[in-house]
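Q: First the structure, which I've put down as structure tokens, then a few questions once you've had a look.
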Amino acid sequence: MEARKLGSICGIITPLVAYIFIFTAILNAPGFSWATNALSDLGVWSIPLVPILFNTGLIISGLLLLGFTINLFIEMEDILGKIGALVFILDALSLIGVGVFPEDIPLWHFFFSVMFFSLVPIALLIITADFVLRKENIELAALAVICAILVVIIWAMPWSNIGVTGVAIPEFLSSLVGSLWVIGMSWKMLK
């Protein structure tokens with residue numbers, strides 16, 4: 001299978017694999033609350049199966065995302081696009097880091113978690129600038145801007161005003177939004 005097709009398939013299946021592992025971990029984690037927990041709490045849950053599912057899922061998903069982002073780097077023609085793809089590569093490595101360093105390794109876990117959620121909108125905006133300057137992929141550029149803005153809005157929302165004290169909901173929603181662009185770009189690269 002050619003590298004371009006493999007990288008595209010990695011991008012398409014990354015969210016599917018991630019969410020299968022995450023939701024399977026949640027189903028096996030009695031007491032998990034979307035309103036009061038972080039998804040990362042699953043990485044240190046007291047029932048041994050839950051952290052295994054969650055952390056393994058993040059590592060596998062991060063490796064798949066890395067396959068997509070390396071392909072994205074190869075596909076980008078200009079320096080700005082390559083910089084955006086490099087930021088996305090760092091994002092994929094951060095996702096792996098979240099799985100390798102669960103919450104009981106707090107400093108590293110915090111670093112990789114913040115990087116994972118922060119790098120997505122940055123990568124999307126850089127890639128958008130590249131697309132706009134080259135007057136190519138305008139639909140994907142528009143989707144990237146919308147996704148980047150949505151990620152920022154999701155994290156800026158006053159969740160505590162509606163009784164949400166944990167970050168599981170913004171974590172899930174922001175990852176879902178970023179996944180939309182990854183899937184869209186993957187479909188384009190498949191053609």
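By convention here, the chains of the structure tokens are called A, B, ... in the order presented, each chain's residues are numbered starting at 1, and ligands are numbered starting at 1 in the order presented.
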Which neighbours of Thr128 (chain A) fall inside 10 Å, counting only C-alpha atoms, when residues of the same chain fewer than 3 positions from it are skipped, and could you give them as a PyMOL selection string?
A: chain A and resi 80-81+84+122-125+131-134+136-145+148
Q: Could you pull the residues within 12 Å of Phe116 (chain A), counting only C-alpha atoms, minus those fewer than 5 positions along the same chain, as a ChimeraX atom specification?
A: /A:58,62,65,87-99,109-111,121-123,151,171,174-175,178
Q: Which residue is closest to Val152 (chain A)? Choose from A:Val44, A:Val177, A:Ala25, A:Leu6 and count only C-alpha atoms.
A: A:Val177
Q: Let me make sure I understand: among A:Leu64, A:Leu39, A:Lys5, A:Glu103, which one has the smallest atom-to-atom distance to Phe23 (chain A) if we use only C-alpha atoms?
A: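 Between A:Leu64, A:Leu39, A:Lys5, A:Glu103, the residue approaching Phe23 (chain A) most closely is A:Leu39.
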Q: For Ile59 (chain A), which of A:Ala35, A:Ala18, A:Ile83, A:Ala29 is the closest residue, counting only C-alpha atoms?
A: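 Looking at the shortest contact to Ile59 (chain A), the residue is A:Ala18.
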Q: Could you tell me how far CA of Asp41 (chain A) lies from CA of Ile26 (chain A), in Å and to one decimal?
A: 10.1 Å
Q: Rounded to one decimal place, report the CA of Trp187 (chain A)-CA of Arg4 (chain A) distance in Å.
A: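 According to the coordinates, CA of Trp187 (chain A) and CA of Arg4 (chain A) are separated by 11.0 Å.
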Q: Between CA of Thr56 (chain A) and CA of Ser186 (chain A), what is the spacing in Å?
A: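 Taking CA of Ser186 (chain A) as the start and CA of Thr56 (chain A) as the end point, the length is 23.3 Å.
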Q: Could you please write out, as number ranges by chain, every residue of region 33-161 of chain A that DSSP assigns to alpha helix (DSSP H)?
A: A: 49-75, 79-100, 106-134, 138-156
Q: Please provide the set of residues having any atom within 10 Å of Phe172 (chain A), restricted to only C-alpha atoms, with same-chain residues fewer than 4 positions apart removed, written as a PDB file with C-alpha atoms, in the first residue's frame.
A:
```
ATOM      1  CA  TYR A  19     -13.276   6.710  20.845  1.00  0.00           C
ATOM      2  CA  ILE A  22     -12.225   5.709  25.495  1.00  0.00           C
ATOM      3  CA  TRP A  34     -18.802  13.479  32.400  1.00  0.00           C
ATOM      4  CA  ALA A  38     -11.363  14.444  33.245  1.00  0.00           C
ATOM      5  CA  LEU A  39     -10.996  11.777  30.585  1.00  0.00           C
ATOM      6  CA  ILE A 154     -15.167  24.988  23.835  1.00  0.00           C
ATOM      7  CA  VAL A 167     -12.896  18.684  31.847  1.00  0.00           C
ATOM      8  CA  ALA A 168     -14.130  15.454  30.220  1.00  0.00           C
ATOM      9  CA  LEU A 176     -14.095  15.593  18.186  1.00  0.00           C
ATOM     10  CA  VAL A 177     -13.854  18.963  16.427  1.00  0.00           C
TER      11      VAL A 177
END
```
Q: Could you tell me which of A:Ser8, A:Ser160, A:Thr36, A:Ser118 comes closest to Gly184 (chain A) if we count only C-alpha atoms?
A: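 Of the candidates, the smallest distance to Gly184 (chain A) is held by A:Ser8.
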